[in-house]
Number of protein chains: 2
Amino acid sequence: MIHPSHGGGKVSQVTSAPARTKRPTMVDVAALAGVSVKTVSRVVNNAPYVQPEVAQRVLAAVAELGFRRNHLASSLRSGQATATIGLLIEEIANPFYATIAGAVAEVASEHDTMLLIASSEENPAREQQLLRDLCARQVDGLLVVPAGEDHAFLRSEVERGTPAVFLDRPAGGLPADTVLIDNRGGAHAGVRQLVERGHRRVGILLDSTAIYTMRERLAGAQDALAAAGLADDRLIRYGIRDPETAARVVGDLLDEPDPPTAFFALNNRISLGAVEELHRRGSDAALLGFDDFDLSRLLPYPFTVVAYDTRTLARTAAELLFRRIKGDRSAPRDLLIPTELVNRGLPRH
Amino acid sequence: MIHPSHGGGKVSQVTSAPARTKRPTMVDVAALAGVSVKTVSRVVNNAPYVQPEVAQRVLAAVAELGFRRNHLASSLRSGQATATIGLLIEEIANPFYATIAGAVAEVASEHDTMLLIASSEENPAREQQLLRDLCARQVDGLLVVPAGEDHAFLRSEVERGTPAVFLDRPAGGLPADTVLIDNRGGAHAGVRQLVERGHRRVGILLDSTAIYTMRERLAGAQDALAAAGLADDRLIRYGIRDPETAARVVGDLLDEPDPPTAFFALNNRISLGAVEELHRRGSDAALLGFDDFDLSRLLPYPFTVVAYDTRTLARTAAELLFRRIKGDRSAPRDLLIPTELVNRGLPRH
DNA sequence: CCCCGATCTGACAACGTTGTCAGATCTTCG
DNA sequence: CGAAGATCTGACAACGTTGTCAGATCGGGG
């Protein structure tokens, strides 16, 4: 699978073990510049009251030795401010979380803060361990997309001054800042539109209601159907994990007598499978999906998505976190990010 | 854009400023358990030679106070091992880098290490500052997708024991481990296939040769064309940044007398625009693109991509880094990740 | 001329942890 | 029964930095 390159490496020196010098400290700089460590500290931190010529000498010594302040020691001594926040998500490679990470990184960068990212992989035990680990690293704050249902274990950390903001899903057992998508409202609006267009039988496709967002979306859809007297639990299909299963289930439903004329896919993996199957069959059923996704406009079947701005979700949460870090001690807030309905896909051919 | 939720927040207590207790330290635990700090340290670190009953007392005190070891102080005292590595990429939200980040996070997790991620935003100055900052945080190692051309400033850090592995693009001015995609070989193979299928005029679409990977891909394509005596610089179009421009340039080339019968898009943004335009026109030109992408198989025009496994790229680099962290001092290595040709898109209709 | 404040500098302790070492107790064996 | 080792514990210093404080120097106003 992997093979060494054929001569691309301009290896100037093949000496294997290099110098391995120790890192210079303020003590070394001070010795070289002929001043005390405290003066070095002052210069490095741009503190006032240092004679220009002395500062020059120190800076020269810093440059000569290649000194870099040890951030660990610095934030240990000065108490707070590691200038690092922790982000806990499910899986970095997933585009949804990647977008969140990107937006959070942007806000963090605006506050001269670095980002420690951890993946919970939907495992509550792992989530708990990672959050504890992040706290042990003295992060200034936490952004959490919850995997588990109970976050009471974070209470003591929050009380000890590590603020936490939850996004996309609510925290359990902990009054905390939360930023959520309007899942229920979006699903309601989308399904109501289907109903208004005359659909009476709407197939609902989801994996499970174990996850908060899915419960909300399902509830929104059911509200809209019930409002029109169209609720029918037999049209709800669970256990759909991937596009392939979604395609199969859509096919099964269409093959039944009195099939649905519309489908609501509760996430974009399911939408994708549904698009494939509807396109394959040349069907004319309507399709609504929650979550937009990349390239959706180029897919070979027209459908509507409940879209929202993931970056706004993440930036809102990150900005709220930094307000907390700066000392905002007001009551926890719940914010909702609105959704909109957008048409996607190419026309039927 | 954002509005407060309507009554979803089960705010049990509206008291704004909570207790704000100080974090307990080993001193506190020691006092409560009636032992010395050193014994607490031993228990917390599972060191041998502690009486079981004493360990029990300490653990009870730890639980009662909710003590967590301060990772900063720990790694400051014990020298190395912050159990953190730094990853520098261009932009987290980009799926390519997100995939890299995900794979790196996986390997890091296998080594009980956390991941500090920074975005260079293709800015060499920012890259340099971020890398210095990561070093100041005493990371155990660095994974870098270079933005700049010169990384000589990292030499001292590497010599002082922070190993660095570069991926996707080579480092400049520094003998260092590097893991690259076989850009030249992949482009060569793809274009050779076009030639073998009878194409004599191949339009080449790219942004610029400022980036290493693009130079290599262009060189591979030109090699293949030259080998068949088909090199023609007039068919190379530069300055294509986005799908829209790509679509326009493809249209322009097709409208010329004696138009190309095939196109080679040097990245997936360009491929995407080319697909749209060729589909729109109902063209029958062949299309080759470097980089696969999500949903490519569902796009409405058939094309071939030079594909590679981004996860393998990242995992290979991460595993090499951890070997360095564990003490491997052998000569720097250059590794190449192979590519393959894959057919994508739906048939013409 | 002296005192006062502004400017500049360094000694020292402290952040929370762990490595080193020495001391204490207990077991084991010649 | 005494010596040697194994087991257990704590005092102390140190990691690299910064906050506190006190001391030194200088210019200017009474």
# chains A, B, ... in the order shown; residues from 1 in each chain; ligands from 1
call {"tool": "select_by_dssp", "arguments": {"residues": "region 154-209 of chain A", "states": "helix (DSSP H, G or I)", "output": "list in words"}}
result
Leu154, Arg155, Ser156, Glu157, Val158, Glu159, Asn183, Arg184, Gly185, Gly186, Ala187, His188, Ala189, Gly190, Val191, Arg192, Gln193, Leu194, Val195 and Glu196 of chain A
call {"tool": "write_last_selection", "arguments": {"atoms": "all heavy atoms", "output": "short mmCIF file (atom, residue, chain, number, x, y, z; two decimals), in the first residue's frame"}}
result
data_model
loop_
_atom_site.label_atom_id
_atom_site.label_comp_id
_atom_site.auth_asym_id
_atom_site.auth_seq_id
_atom_site.Cartn_x
_atom_site.Cartn_y
_atom_site.Cartn_z
N LEU A 154 -20.35 17.16 35.25
CA LEU A 154 -19.64 18.39 34.87
C LEU A 154 -19.95 19.54 35.85
O LEU A 154 -19.28 20.56 35.82
CB LEU A 154 -20.05 18.83 33.47
CG LEU A 154 -19.20 18.31 32.33
CD1 LEU A 154 -19.71 18.86 31.01
CD2 LEU A 154 -17.73 18.71 32.52
N ARG A 155 -20.95 19.35 36.67
CA ARG A 155 -21.37 20.44 37.53
C ARG A 155 -20.21 21.02 38.35
O ARG A 155 -20.01 22.23 38.40
CB ARG A 155 -22.48 19.97 38.47
CG ARG A 155 -23.04 21.06 39.38
CD ARG A 155 -24.05 20.46 40.34
NE ARG A 155 -25.22 19.98 39.63
CZ ARG A 155 -26.34 20.71 39.52
NH1 ARG A 155 -26.41 21.92 40.07
NH2 ARG A 155 -27.38 20.24 38.87
N SER A 156 -19.44 20.14 38.97
CA SER A 156 -18.37 20.64 39.82
C SER A 156 -17.34 21.42 38.99
O SER A 156 -16.83 22.44 39.43
CB SER A 156 -17.69 19.49 40.56
OG SER A 156 -17.11 18.60 39.65
N GLU A 157 -17.06 20.95 37.79
CA GLU A 157 -16.10 21.67 36.95
C GLU A 157 -16.62 23.06 36.61
O GLU A 157 -15.88 24.04 36.66
CB GLU A 157 -15.84 20.89 35.66
CG GLU A 157 -15.24 19.51 35.86
CD GLU A 157 -13.88 19.55 36.54
OE1 GLU A 157 -13.23 20.61 36.52
OE2 GLU A 157 -13.47 18.51 37.09
N VAL A 158 -17.89 23.11 36.27
CA VAL A 158 -18.48 24.41 35.92
C VAL A 158 -18.43 25.34 37.12
O VAL A 158 -18.07 26.51 37.00
CB VAL A 158 -19.93 24.22 35.43
CG1 VAL A 158 -20.60 25.57 35.22
CG2 VAL A 158 -19.95 23.42 34.14
N GLU A 159 -18.75 24.78 38.29
CA GLU A 159 -18.72 25.62 39.50
C GLU A 159 -17.31 26.08 39.83
O GLU A 159 -17.12 27.10 40.46
CB GLU A 159 -19.30 24.83 40.68
CG GLU A 159 -20.82 24.83 40.69
CD GLU A 159 -21.39 23.84 41.68
OE1 GLU A 159 -20.59 23.16 42.37
OE2 GLU A 159 -22.62 23.73 41.75
N ASN A 183 -35.22 22.07 15.61
CA ASN A 183 -35.56 20.80 14.96
C ASN A 183 -37.08 20.63 14.80
O ASN A 183 -37.57 20.29 13.74
CB ASN A 183 -35.03 19.63 15.79
CG ASN A 183 -33.52 19.54 15.71
OD1 ASN A 183 -32.98 19.13 14.70
ND2 ASN A 183 -32.83 19.92 16.78
N ARG A 184 -37.77 20.87 15.88
CA ARG A 184 -39.21 20.64 15.87
C ARG A 184 -39.91 21.60 14.91
O ARG A 184 -40.70 21.18 14.06
CB ARG A 184 -39.76 20.82 17.29
CG ARG A 184 -41.21 20.43 17.44
CD ARG A 184 -41.72 20.77 18.83
NE ARG A 184 -41.23 19.83 19.82
CZ ARG A 184 -42.03 18.98 20.50
NH1 ARG A 184 -43.32 18.96 20.24
NH2 ARG A 184 -41.52 18.18 21.39
N GLY A 185 -39.53 22.87 15.01
CA GLY A 185 -40.15 23.87 14.14
C GLY A 185 -39.86 23.60 12.67
O GLY A 185 -40.74 23.72 11.81
N GLY A 186 -38.63 23.21 12.36
CA GLY A 186 -38.25 22.95 10.98
C GLY A 186 -38.99 21.77 10.41
O GLY A 186 -39.50 21.82 9.28
N ALA A 187 -39.08 20.70 11.19
CA ALA A 187 -39.79 19.51 10.72
C ALA A 187 -41.26 19.83 10.53
O ALA A 187 -41.88 19.43 9.54
CB ALA A 187 -39.62 18.37 11.74
N HIS A 188 -41.79 20.60 11.46
CA HIS A 188 -43.20 20.97 11.38
C HIS A 188 -43.47 21.75 10.10
O HIS A 188 -44.39 21.46 9.34
CB HIS A 188 -43.56 21.80 12.62
CG HIS A 188 -45.02 22.03 12.78
ND1 HIS A 188 -45.72 22.98 12.08
CD2 HIS A 188 -45.95 21.41 13.57
CE1 HIS A 188 -46.99 22.95 12.42
NE2 HIS A 188 -47.15 22.00 13.32
N ALA A 189 -42.64 22.74 9.82
CA ALA A 189 -42.85 23.58 8.64
C ALA A 189 -42.74 22.76 7.36
O ALA A 189 -43.55 22.93 6.44
CB ALA A 189 -41.82 24.71 8.63
N GLY A 190 -41.76 21.88 7.32
CA GLY A 190 -41.57 21.07 6.11
C GLY A 190 -42.74 20.15 5.86
O GLY A 190 -43.26 20.06 4.73
N VAL A 191 -43.18 19.46 6.89
CA VAL A 191 -44.28 18.51 6.72
C VAL A 191 -45.58 19.26 6.43
O VAL A 191 -46.40 18.81 5.62
CB VAL A 191 -44.40 17.60 7.96
CG1 VAL A 191 -45.66 16.74 7.87
CG2 VAL A 191 -43.17 16.72 8.07
N ARG A 192 -45.75 20.42 7.07
CA ARG A 192 -46.96 21.18 6.78
C ARG A 192 -47.02 21.56 5.31
O ARG A 192 -48.07 21.52 4.67
CB ARG A 192 -47.00 22.45 7.66
CG ARG A 192 -48.40 23.12 7.65
CD ARG A 192 -48.40 24.35 8.50
NE ARG A 192 -47.28 25.21 8.16
CZ ARG A 192 -46.69 26.05 8.99
NH1 ARG A 192 -47.11 26.13 10.24
NH2 ARG A 192 -45.68 26.80 8.59
N GLN A 193 -45.85 21.88 4.76
CA GLN A 193 -45.82 22.22 3.34
C GLN A 193 -46.24 21.02 2.48
O GLN A 193 -46.98 21.17 1.51
CB GLN A 193 -44.40 22.67 2.95
CG GLN A 193 -44.33 23.25 1.54
CD GLN A 193 -42.91 23.61 1.16
OE1 GLN A 193 -42.07 22.74 0.96
NE2 GLN A 193 -42.63 24.90 1.08
N LEU A 194 -45.79 19.83 2.86
CA LEU A 194 -46.19 18.63 2.13
C LEU A 194 -47.72 18.49 2.18
O LEU A 194 -48.37 18.22 1.17
CB LEU A 194 -45.55 17.38 2.74
CG LEU A 194 -44.04 17.19 2.53
CD1 LEU A 194 -43.56 15.94 3.29
CD2 LEU A 194 -43.70 17.06 1.05
N VAL A 195 -48.25 18.67 3.38
CA VAL A 195 -49.70 18.53 3.56
C VAL A 195 -50.44 19.56 2.71
O VAL A 195 -51.41 19.25 2.03
CB VAL A 195 -50.06 18.68 5.04
CG1 VAL A 195 -51.58 18.79 5.22
CG2 VAL A 195 -49.51 17.50 5.84
N GLU A 196 -49.94 20.80 2.74
CA GLU A 196 -50.59 21.86 1.97
C GLU A 196 -50.57 21.56 0.48
O GLU A 196 -51.43 22.02 -0.27
CB GLU A 196 -49.90 23.20 2.23
CG GLU A 196 -50.27 23.80 3.59
CD GLU A 196 -49.33 24.93 4.00
OE1 GLU A 196 -48.43 25.28 3.19
OE2 GLU A 196 -49.50 25.44 5.12
#
call {"tool": "interface_residues", "arguments": {"of": "chain B", "to": "chain C", "cutoff": "8 Å", "atoms": "only C-alpha atoms (C1' of nucleotides)", "output": "JSON, numbers by chain"}}
result
{"B": [25, 26, 38, 41, 70, 73, 74, 76, 77, 78]}
call {"tool": "write_last_selection", "arguments": {"atoms": "all heavy atoms", "output": "short mmCIF file (atom, residue, chain, number, x, y, z; two decimals), in the first residue's frame"}}
result
data_model
loop_
_atom_site.label_atom_id
_atom_site.label_comp_id
_atom_site.auth_asym_id
_atom_site.auth_seq_id
_atom_site.Cartn_x
_atom_site.Cartn_y
_atom_site.Cartn_z
N THR B 25 -6.52 20.74 45.35
CA THR B 25 -5.21 20.26 44.92
C THR B 25 -4.82 19.05 45.76
O THR B 25 -5.54 18.67 46.67
CB THR B 25 -4.14 21.35 45.11
OG1 THR B 25 -3.87 21.47 46.51
CG2 THR B 25 -4.59 22.66 44.54
N MET B 26 -3.68 18.50 45.45
CA MET B 26 -3.20 17.36 46.22
C MET B 26 -3.02 17.74 47.69
O MET B 26 -3.15 16.89 48.57
CB MET B 26 -1.89 16.85 45.66
CG MET B 26 -2.07 16.09 44.36
SD MET B 26 -0.59 15.19 43.87
CE MET B 26 -1.17 14.39 42.38
N LYS B 38 2.88 13.65 48.76
CA LYS B 38 3.59 12.65 47.97
C LYS B 38 2.80 11.35 47.90
O LYS B 38 2.75 10.69 46.87
CB LYS B 38 4.97 12.41 48.57
CG LYS B 38 5.82 11.42 47.80
CD LYS B 38 6.23 11.94 46.45
CE LYS B 38 5.99 10.93 45.36
NZ LYS B 38 6.84 11.09 44.19
N SER B 41 0.07 11.74 45.53
CA SER B 41 0.63 11.63 44.19
C SER B 41 0.81 10.16 43.81
O SER B 41 0.45 9.74 42.72
CB SER B 41 1.97 12.36 44.13
OG SER B 41 2.65 12.07 42.93
N ASN B 70 -3.90 18.23 38.14
CA ASN B 70 -3.60 19.34 37.22
C ASN B 70 -2.54 18.89 36.23
O ASN B 70 -1.36 18.74 36.56
CB ASN B 70 -3.12 20.55 38.01
CG ASN B 70 -2.90 21.76 37.13
OD1 ASN B 70 -2.50 21.62 35.98
ND2 ASN B 70 -3.16 22.93 37.67
N ALA B 73 0.65 21.19 35.72
CA ALA B 73 1.70 21.07 36.73
C ALA B 73 2.42 19.75 36.57
O ALA B 73 3.64 19.67 36.65
CB ALA B 73 1.09 21.17 38.12
N SER B 74 1.64 18.71 36.30
CA SER B 74 2.23 17.39 36.15
C SER B 74 3.26 17.36 35.04
O SER B 74 4.39 16.90 35.23
CB SER B 74 1.10 16.40 35.88
OG SER B 74 1.63 15.15 35.58
N LEU B 76 4.69 19.86 33.57
CA LEU B 76 5.78 20.81 33.80
C LEU B 76 6.87 20.14 34.64
O LEU B 76 8.04 20.13 34.29
CB LEU B 76 5.27 22.04 34.53
CG LEU B 76 6.36 22.99 35.03
CD1 LEU B 76 7.17 23.55 33.85
CD2 LEU B 76 5.77 24.14 35.83
N ARG B 77 6.43 19.53 35.73
CA ARG B 77 7.39 18.92 36.65
C ARG B 77 8.14 17.76 35.99
O ARG B 77 9.35 17.67 36.06
CB ARG B 77 6.63 18.43 37.88
CG ARG B 77 7.44 17.62 38.88
CD ARG B 77 8.57 18.45 39.46
NE ARG B 77 9.84 17.84 39.15
CZ ARG B 77 10.72 17.43 40.05
NH1 ARG B 77 10.51 17.66 41.33
NH2 ARG B 77 11.83 16.87 39.69
N SER B 78 7.38 16.88 35.35
CA SER B 78 8.01 15.65 34.87
C SER B 78 8.69 15.81 33.52
O SER B 78 9.04 14.83 32.88
CB SER B 78 6.98 14.53 34.81
OG SER B 78 5.91 14.89 33.96
#
call {"tool": "atom_distance", "arguments": {"atom1": "CA of Arg200 (chain B)", "atom2": "CA of Thr261 (chain B)"}}
result
7.4 Å
call {"tool": "select_by_dssp", "arguments": {"residues": "region 7-146 of chain B", "states": "strand (DSSP E or B)", "output": "list in words"}}
result
Thr84, Ile85, Gly86, Leu87, Leu88, Ile89, Met114, Leu115, Leu116, Ile117, Ala118, Ser119, Gly141, Leu142, Leu143 and Val144 of chain B
call {"tool": "write_last_selection", "arguments": {"atoms": "N, CA, C and O atoms", "output": "PDB file, in the first residue's frame"}}
result
ATOM      1  N   THR B  84      -0.106  15.472  24.206  1.00  0.00           N
ATOM      2  CA  THR B  84      -0.817  16.327  23.256  1.00  0.00           C
ATOM      3  C   THR B  84       0.035  16.453  22.003  1.00  0.00           C
ATOM      4  O   THR B  84       1.245  16.649  22.099  1.00  0.00           O
ATOM      5  N   ILE B  85      -0.581  16.325  20.840  1.00  0.00           N
ATOM      6  CA  ILE B  85       0.153  16.639  19.621  1.00  0.00           C
ATOM      7  C   ILE B  85      -0.564  17.769  18.900  1.00  0.00           C
ATOM      8  O   ILE B  85      -1.753  18.002  19.111  1.00  0.00           O
ATOM      9  N   GLY B  86       0.182  18.483  18.080  1.00  0.00           N
ATOM     10  CA  GLY B  86      -0.392  19.588  17.331  1.00  0.00           C
ATOM     11  C   GLY B  86      -0.607  19.197  15.883  1.00  0.00           C
ATOM     12  O   GLY B  86       0.233  18.527  15.294  1.00  0.00           O
ATOM     13  N   LEU B  87      -1.741  19.604  15.340  1.00  0.00           N
ATOM     14  CA  LEU B  87      -2.016  19.361  13.922  1.00  0.00           C
ATOM     15  C   LEU B  87      -2.254  20.703  13.265  1.00  0.00           C
ATOM     16  O   LEU B  87      -3.140  21.454  13.687  1.00  0.00           O
ATOM     17  N   LEU B  88      -1.453  21.007  12.269  1.00  0.00           N
ATOM     18  CA  LEU B  88      -1.639  22.266  11.552  1.00  0.00           C
ATOM     19  C   LEU B  88      -2.138  21.980  10.153  1.00  0.00           C
ATOM     20  O   LEU B  88      -1.465  21.301   9.365  1.00  0.00           O
ATOM     21  N   ILE B  89      -3.332  22.473   9.838  1.00  0.00           N
ATOM     22  CA  ILE B  89      -3.899  22.286   8.518  1.00  0.00           C
ATOM     23  C   ILE B  89      -4.348  23.618   7.978  1.00  0.00           C
ATOM     24  O   ILE B  89      -4.168  24.648   8.624  1.00  0.00           O
ATOM     25  N   MET B 114      -4.088  13.793  23.155  1.00  0.00           N
ATOM     26  CA  MET B 114      -5.095  14.736  22.671  1.00  0.00           C
ATOM     27  C   MET B 114      -4.546  15.532  21.504  1.00  0.00           C
ATOM     28  O   MET B 114      -3.346  15.587  21.270  1.00  0.00           O
ATOM     29  N   LEU B 115      -5.484  16.172  20.820  1.00  0.00           N
ATOM     30  CA  LEU B 115      -5.148  16.801  19.560  1.00  0.00           C
ATOM     31  C   LEU B 115      -5.442  18.296  19.610  1.00  0.00           C
ATOM     32  O   LEU B 115      -6.575  18.711  19.854  1.00  0.00           O
ATOM     33  N   LEU B 116      -4.414  19.080  19.368  1.00  0.00           N
ATOM     34  CA  LEU B 116      -4.558  20.531  19.309  1.00  0.00           C
ATOM     35  C   LEU B 116      -4.549  20.888  17.827  1.00  0.00           C
ATOM     36  O   LEU B 116      -3.563  20.629  17.134  1.00  0.00           O
ATOM     37  N   ILE B 117      -5.639  21.451  17.335  1.00  0.00           N
ATOM     38  CA  ILE B 117      -5.756  21.704  15.900  1.00  0.00           C
ATOM     39  C   ILE B 117      -5.709  23.197  15.613  1.00  0.00           C
ATOM     40  O   ILE B 117      -6.370  23.983  16.287  1.00  0.00           O
ATOM     41  N   ALA B 118      -4.936  23.580  14.622  1.00  0.00           N
ATOM     42  CA  ALA B 118      -4.849  24.983  14.242  1.00  0.00           C
ATOM     43  C   ALA B 118      -4.969  25.119  12.731  1.00  0.00           C
ATOM     44  O   ALA B 118      -4.523  24.253  11.987  1.00  0.00           O
ATOM     45  N   SER B 119      -5.587  26.198  12.292  1.00  0.00           N
ATOM     46  CA  SER B 119      -5.789  26.446  10.860  1.00  0.00           C
ATOM     47  C   SER B 119      -4.877  27.548  10.368  1.00  0.00           C
ATOM     48  O   SER B 119      -4.937  28.665  10.859  1.00  0.00           O
ATOM     49  N   GLY B 141       4.611  16.466  19.696  1.00  0.00           N
ATOM     50  CA  GLY B 141       4.980  16.344  18.288  1.00  0.00           C
ATOM     51  C   GLY B 141       4.059  17.171  17.418  1.00  0.00           C
ATOM     52  O   GLY B 141       3.002  17.617  17.861  1.00  0.00           O
ATOM     53  N   LEU B 142       4.476  17.371  16.163  1.00  0.00           N
ATOM     54  CA  LEU B 142       3.715  18.208  15.242  1.00  0.00           C
ATOM     55  C   LEU B 142       3.414  17.464  13.948  1.00  0.00           C
ATOM     56  O   LEU B 142       4.290  16.799  13.386  1.00  0.00           O
ATOM     57  N   LEU B 143       2.195  17.605  13.483  1.00  0.00           N
ATOM     58  CA  LEU B 143       1.821  17.142  12.151  1.00  0.00           C
ATOM     59  C   LEU B 143       1.470  18.383  11.349  1.00  0.00           C
ATOM     60  O   LEU B 143       0.611  19.159  11.772  1.00  0.00           O
ATOM     61  N   VAL B 144       2.126  18.546  10.209  1.00  0.00           N
ATOM     62  CA  VAL B 144       1.975  19.800   9.488  1.00  0.00           C
ATOM     63  C   VAL B 144       1.630  19.572   8.019  1.00  0.00           C
ATOM     64  O   VAL B 144       2.324  18.836   7.326  1.00  0.00           O
TER      65      VAL B 144
END
call {"tool": "interface_residues", "arguments": {"of": "chain D", "to": "chain B", "cutoff": "12 Å", "atoms": "only C-alpha atoms (C1' of nucleotides)", "output": "list in words"}}
result
DA6, DT7, DC8, DT9, DG10, DA11, DC12, DA13, DA14, DC15, DG16 and DT17 of chain D
call {"tool": "atom_distance", "arguments": {"atom1": "CA of Val54 (chain B)", "atom2": "CA of Phe153 (chain A)"}}
result
25.7 Å
call {"tool": "closest_residue", "arguments": {"among": "A:Ser109, A:Gln80, A:Thr99, A:Thr339", "to": "chain B", "atoms": "only C-alpha atoms"}}
result
A:Thr99
call {"tool": "closest_residue", "arguments": {"among": "B:Gly229, B:Gly34, B:Gly161, B:Pro52", "to": "chain A", "atoms": "only C-alpha atoms"}}
result
B:Gly161
call {"tool": "residues_around", "arguments": {"residues": "Arg344 (chain B)", "least_positions_apart": "5", "cutoff": "12 Å", "atoms": "only C-alpha atoms (C1' of nucleotides)", "output": "PyMOL selection string"}}
result
chain B and resi 271-272+275+286-307
call {"tool": "closest_residue", "arguments": {"among": "B:Leu335, B:Leu235, B:Ile181, B:Leu206", "to": "chain A", "atoms": "only C-alpha atoms"}}
result
B:Leu335
call {"tool": "closest_residue", "arguments": {"among": "A:Glu106, A:Glu122, A:Asp223, A:Asp255", "to": "chain B", "atoms": "only C-alpha atoms"}}
result
A:Glu106
call {"tool": "atom_distance", "arguments": {"atom1": "CA of Gly66 (chain A)", "atom2": "CA of Leu167 (chain B)"}}
result
25.5 Å
call {"tool": "residues_around", "arguments": {"residues": "Asp28 (chain A)", "least_positions_apart": "3", "cutoff": "10 Å", "atoms": "only C-alpha atoms (C1' of nucleotides)", "output": "PyMOL selection string"}}
result
chain A and resi 23-25+31-34+37+40+61-62+65+67
